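Colleague: Quick one: the structure is below, and I'll ask about it shortly.
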There are 2 protein chains.
Amino acid sequence: MSPAELKALIRTVPDFPKPGIQFRDITTLISHGAGLAASIEHLADHARAKGAQAIAGMEARGFIFGTAVAVRLGLPFIPIRKPGKLPIPTIGVEYALEYGTDRLEMDPEAVSQGQRVVIVDDLIATGGTAEAAVKLLRQAGAHVSDALFVIDLPDLGGAELLGKADVNVTKLIDFEGD
Amino acid sequence: MSPAELKALIRTVPDFPKPGIQFRDITTLISHGAGLAASIEHLADHARAKGAQAIAGMEARGFIFGTAVAVRLGLPFIPIRKPGKLPIPTIGVEYALEYGTDRLEMDPEAVSQGQRVVIVDDLIATGGTAEAAVKLLRQAGAHVSDALFVIDLPDLGGAELLGKADVNVTKLIDFEGD
């Protein structure tokens, strides 16, 4: 299935989580067997082309696509988690939300020095979470130059934000001005 | 890699999340590329043998193994989520925790009537979360007779609890009395 066909499987929910927001829902894509498999195949092709040695994904939706890409390529998967979930000493990074802050944590021993880690997530909006993940992975010693997304909302500037951190964004689908 | 070799990749963290609990940590398994791929291959073999038409997984760690198994078999993945995460009208089920209750939600249209859905998760302990997921999937019309886990802690009785709900438990690894 082509990216345009995959786009047709994304459900748009108006006014969620608040009025004026068009929520792009991947539930309908992942509950389509062929659509899910094709998404992973496209993402895995990109990750391979970027020289990925490991895949990282952020809790919770990033686990959906990230692990499957890692398995497809026989690579490690590095889970980046919400606070307090990992049972071992972690490293963490705080990042700003629209209201307040949030925190991501990971096992500092999950990556080796200079390992090429590619981030995979379902969607990039402002890019704040992905930027925090980049900082965290670099703090652990990873080389991070690429992040892959199923969906980009380019109006929200996420690719520009990651670009300033020397991370190149690749997406399968975008929803621009619509 | 055999299940015994996979077991050697699980990290045991003593006294997490509280004194006396031996936490079985899959982080070290999934950050081993060959171990992760072999885990998925074993789970996918079981899911195929059980006649799975879709795979369901519970947020968040269930997303790690569940999606990859679905992709391996070209099947839909049905995410079972924590409250308030899905942007559409959901069905939900409450279940008891050691202290208090929690809730799982799903899109009632994610499964078709009589569809054979196999649950995949990293670990079964008391089985309370998996039992709730079974109820929820059946409420949506799914046929659920099997649940697959990477790790079983048989001392905690999860397989018996699911057995009472006519769900058969298959695990790759167990940690019994140790």
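The chains in the structure tokens are called A, B, ... from first to last as shown; in each chain the residues are counted from 1, and the ligands are counted from 1 in the order shown.
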How would you write, as a VMD selection string, the set of residues in range 15-154 of chain B that DSSP gives as strand (DSSP E)?
Modeller: chain B and resid 22 to 25 54 to 58 77 to 80 91 to 96 101 to 106 117 to 124 146 to 152
Colleague: Near chain B, meaning an atom within 7 Å, which residues of chain A appear when counting only C-alpha atoms? Write them as a ChimeraX atom specification.
Modeller: /A:13,16,30-34,36-37,59-60,63-64,67-68,71,74-78,87,110
Colleague: Those residues with N, CA, C and O atoms, as a short mmCIF file (atom, residue, chain, number, x, y, z; two decimals), in the first residue's frame please?
Modeller:
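Writing the result to selection.cif gives the following:
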```cif
data_model
loop_
_atom_site.label_atom_id
_atom_site.label_comp_id
_atom_site.auth_asym_id
_atom_site.auth_seq_id
_atom_site.Cartn_x
_atom_site.Cartn_y
_atom_site.Cartn_z
N VAL A 13 -10.69 12.99 13.80
CA VAL A 13 -11.73 13.25 14.79
C VAL A 13 -11.71 14.75 15.10
O VAL A 13 -10.72 15.24 15.64
N PHE A 16 -10.93 17.18 19.15
CA PHE A 16 -10.35 16.35 20.21
C PHE A 16 -8.86 16.63 20.25
O PHE A 16 -8.23 16.66 19.19
N ILE A 30 -3.94 0.97 12.35
CA ILE A 30 -3.33 -0.24 12.92
C ILE A 30 -4.31 -1.39 13.03
O ILE A 30 -3.90 -2.54 13.12
N SER A 31 -5.62 -1.07 13.00
CA SER A 31 -6.57 -2.19 13.00
C SER A 31 -6.87 -2.66 11.58
O SER A 31 -7.79 -3.45 11.36
N HIS A 32 -6.08 -2.23 10.62
CA HIS A 32 -6.14 -2.71 9.24
C HIS A 32 -4.84 -3.50 9.01
O HIS A 32 -3.76 -2.91 8.93
N GLY A 33 -4.93 -4.82 8.95
CA GLY A 33 -3.73 -5.66 8.91
C GLY A 33 -2.75 -5.28 7.81
O GLY A 33 -1.55 -5.12 8.06
N ALA A 34 -3.26 -5.10 6.60
CA ALA A 34 -2.36 -4.79 5.48
C ALA A 34 -1.80 -3.37 5.61
O ALA A 34 -0.64 -3.10 5.26
N LEU A 36 -1.26 -1.74 8.47
CA LEU A 36 -0.24 -1.77 9.53
C LEU A 36 1.07 -2.35 8.98
O LEU A 36 2.15 -1.76 9.16
N ALA A 37 0.97 -3.48 8.29
CA ALA A 37 2.18 -4.12 7.77
C ALA A 37 2.90 -3.21 6.77
O ALA A 37 4.13 -3.10 6.79
N GLU A 59 6.89 6.07 24.97
CA GLU A 59 5.64 5.58 25.54
C GLU A 59 4.51 6.56 25.24
O GLU A 59 4.71 7.76 25.39
N ALA A 60 3.31 6.10 24.86
CA ALA A 60 2.93 4.72 24.66
C ALA A 60 2.78 4.43 23.17
O ALA A 60 3.09 3.34 22.73
N PHE A 63 5.60 2.97 21.05
CA PHE A 63 5.92 1.54 21.17
C PHE A 63 5.26 0.74 20.05
O PHE A 63 5.74 -0.31 19.66
N ILE A 64 4.12 1.24 19.56
CA ILE A 64 3.34 0.49 18.56
C ILE A 64 4.15 0.32 17.28
O ILE A 64 4.31 -0.79 16.78
N THR A 67 8.65 -0.82 17.96
CA THR A 67 9.10 -2.20 18.16
C THR A 67 8.97 -3.00 16.89
O THR A 67 9.85 -3.80 16.56
N ALA A 68 7.89 -2.80 16.17
CA ALA A 68 7.69 -3.59 14.95
C ALA A 68 8.77 -3.28 13.91
O ALA A 68 9.24 -4.17 13.20
N VAL A 71 11.93 -5.09 15.08
CA VAL A 71 11.84 -6.53 14.82
C VAL A 71 12.05 -6.81 13.33
O VAL A 71 12.76 -7.74 12.95
N GLY A 74 15.64 -6.69 12.79
CA GLY A 74 16.50 -7.47 13.70
C GLY A 74 17.33 -6.59 14.62
O GLY A 74 18.41 -6.98 15.07
N LEU A 75 16.81 -5.38 14.93
CA LEU A 75 17.57 -4.42 15.74
C LEU A 75 17.01 -4.35 17.16
O LEU A 75 15.85 -4.70 17.40
N PRO A 76 17.81 -3.83 18.10
CA PRO A 76 17.30 -3.58 19.45
C PRO A 76 16.21 -2.49 19.43
O PRO A 76 16.24 -1.60 18.58
N PHE A 77 15.31 -2.57 20.41
CA PHE A 77 14.34 -1.50 20.62
C PHE A 77 14.62 -0.86 21.98
O PHE A 77 14.76 -1.57 22.99
N ILE A 78 14.69 0.46 21.98
CA ILE A 78 14.98 1.20 23.21
C ILE A 78 13.73 1.95 23.64
O ILE A 78 13.32 2.92 22.99
N PRO A 87 12.55 -0.05 36.32
CA PRO A 87 12.91 -0.53 37.66
C PRO A 87 14.37 -0.30 38.02
O PRO A 87 14.81 -0.80 39.05
N ALA A 110 21.07 1.20 27.90
CA ALA A 110 20.35 0.58 26.77
C ALA A 110 21.01 0.89 25.42
O ALA A 110 20.72 0.20 24.44
#
```
Colleague: Residues within 9 Å of range 117-134 of chain B, please, as a PyMOL selection string. Count only C-alpha atoms; anything in the same chain fewer than 6 positions from it doesn't count.
Modeller: chain B and resi 24+26+43+47+50-58+61-67+69+78+80+93-97+102-105+111+142-162+165+167+171
Colleague: Between CA of Leu172 in chain A and CA of Pro3 in chain A, what is the distance, to one decimal in Å?
Modeller: 5.8 Å
Colleague: Would you mind reading off the distance between CA of Val169 in chain B and CA of Gln139 in chain B, one decimal, in Å?
Modeller: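 Distance between the two atoms: 20.1 Å.
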Colleague: Record the distance separating CA of His42 in chain B and CA of Ser2 in chain B, expressed in Å with one decimal.
Modeller: 8.8 Å
Colleague: Please give the complete set of residues from range 64-163 of chain A that DSSP, run on the backbone, assigns to helix (DSSP H, G or I), formatted as a PyMOL selection string.
Modeller: chain A and resi 64-73+108-110+128-139+154-156+158-163
Colleague: Output N, CA and C atoms for every residue in the selection just made, as a compact mmCIF listing (two decimals), in the first residue's frame.
Modeller:
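Saved as result_10.txt:
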```txt
# COMPACT_ATOMS: atom_id res chain seq x y z
N ILE A 64 4.12 1.24 19.56
CA ILE A 64 3.34 0.49 18.56
C ILE A 64 4.15 0.32 17.28
N PHE A 65 4.65 1.42 16.76
CA PHE A 65 5.37 1.34 15.50
C PHE A 65 6.86 1.00 15.70
N GLY A 66 7.44 1.53 16.78
CA GLY A 66 8.89 1.39 16.99
C GLY A 66 9.34 -0.05 17.12
N THR A 67 8.65 -0.82 17.96
CA THR A 67 9.10 -2.20 18.16
C THR A 67 8.97 -3.00 16.89
N ALA A 68 7.89 -2.80 16.17
CA ALA A 68 7.69 -3.59 14.95
C ALA A 68 8.77 -3.28 13.91
N VAL A 69 9.18 -2.02 13.83
CA VAL A 69 10.27 -1.66 12.91
C VAL A 69 11.57 -2.34 13.36
N ALA A 70 11.84 -2.30 14.66
CA ALA A 70 13.06 -2.94 15.18
C ALA A 70 13.07 -4.44 14.85
N VAL A 71 11.93 -5.09 15.08
CA VAL A 71 11.84 -6.53 14.82
C VAL A 71 12.05 -6.81 13.33
N ARG A 72 11.44 -5.99 12.49
CA ARG A 72 11.56 -6.18 11.04
C ARG A 72 13.02 -6.14 10.60
N LEU A 73 13.83 -5.33 11.29
CA LEU A 73 15.24 -5.16 10.92
C LEU A 73 16.19 -5.96 11.81
N PRO A 108 20.21 4.19 30.98
CA PRO A 108 21.41 4.73 30.32
C PRO A 108 22.27 3.64 29.69
N GLU A 109 22.07 2.39 30.10
CA GLU A 109 22.88 1.30 29.53
C GLU A 109 22.21 0.65 28.33
N ALA A 110 21.07 1.20 27.90
CA ALA A 110 20.35 0.58 26.77
C ALA A 110 21.01 0.89 25.42
N GLY A 128 8.06 18.63 20.45
CA GLY A 128 8.63 18.77 21.80
C GLY A 128 9.03 17.45 22.42
N THR A 129 8.20 16.44 22.28
CA THR A 129 8.52 15.15 22.88
C THR A 129 9.70 14.51 22.16
N ALA A 130 9.69 14.59 20.84
CA ALA A 130 10.80 13.99 20.07
C ALA A 130 12.11 14.70 20.38
N GLU A 131 12.06 16.04 20.52
CA GLU A 131 13.29 16.78 20.85
C GLU A 131 13.83 16.33 22.21
N ALA A 132 12.93 16.11 23.16
CA ALA A 132 13.36 15.63 24.48
C ALA A 132 13.98 14.25 24.37
N ALA A 133 13.40 13.39 23.54
CA ALA A 133 13.95 12.04 23.35
C ALA A 133 15.35 12.11 22.74
N VAL A 134 15.54 13.03 21.79
CA VAL A 134 16.87 13.20 21.18
C VAL A 134 17.90 13.57 22.25
N LYS A 135 17.54 14.53 23.11
CA LYS A 135 18.47 14.95 24.18
C LYS A 135 18.83 13.78 25.08
N LEU A 136 17.82 13.01 25.42
CA LEU A 136 18.01 11.90 26.35
C LEU A 136 18.91 10.82 25.73
N LEU A 137 18.63 10.47 24.48
CA LEU A 137 19.43 9.45 23.80
C LEU A 137 20.88 9.91 23.65
N ARG A 138 21.06 11.20 23.35
CA ARG A 138 22.44 11.71 23.21
C ARG A 138 23.15 11.70 24.56
N GLN A 139 22.40 12.02 25.63
CA GLN A 139 22.98 11.98 26.98
C GLN A 139 23.49 10.57 27.30
N PRO A 154 2.83 19.45 9.47
CA PRO A 154 3.91 20.42 9.24
C PRO A 154 3.57 21.84 9.71
N ASP A 155 2.28 22.18 9.77
CA ASP A 155 1.90 23.52 10.24
C ASP A 155 2.39 23.79 11.67
N LEU A 156 2.67 22.73 12.42
CA LEU A 156 3.03 22.90 13.83
C LEU A 156 4.54 22.97 14.05
N GLY A 158 7.20 20.91 13.84
CA GLY A 158 8.04 19.90 14.50
C GLY A 158 9.33 19.60 13.74
N ALA A 159 9.24 19.51 12.42
CA ALA A 159 10.44 19.18 11.64
C ALA A 159 11.49 20.29 11.78
N GLU A 160 11.03 21.55 11.82
CA GLU A 160 11.97 22.67 12.01
C GLU A 160 12.66 22.58 13.37
N LEU A 161 11.86 22.28 14.40
CA LEU A 161 12.44 22.18 15.75
C LEU A 161 13.51 21.09 15.79
N LEU A 162 13.22 19.93 15.21
CA LEU A 162 14.21 18.85 15.21
C LEU A 162 15.39 19.21 14.31
N GLY A 163 15.12 19.93 13.23
CA GLY A 163 16.20 20.37 12.35
C GLY A 163 17.23 21.21 13.10
```
Colleague: Measuring between only C-alpha atoms, which one of A:Ala140, A:Met1, A:Ile10, A:Ala44 shows the shortest distance to Thr90 in chain A?
Modeller: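 The shortest atom-to-atom distance to Thr90 in chain A comes from A:Ala140.
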Colleague: Using only C-alpha atoms, pick whichever of A:Pro19, A:Gly141, A:Pro83, A:Gly100 has the shortest atom-to-atom distance to Arg116 in chain A.
Modeller: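 That would be A:Gly141, the residue with the smallest distance to Arg116 in chain A.
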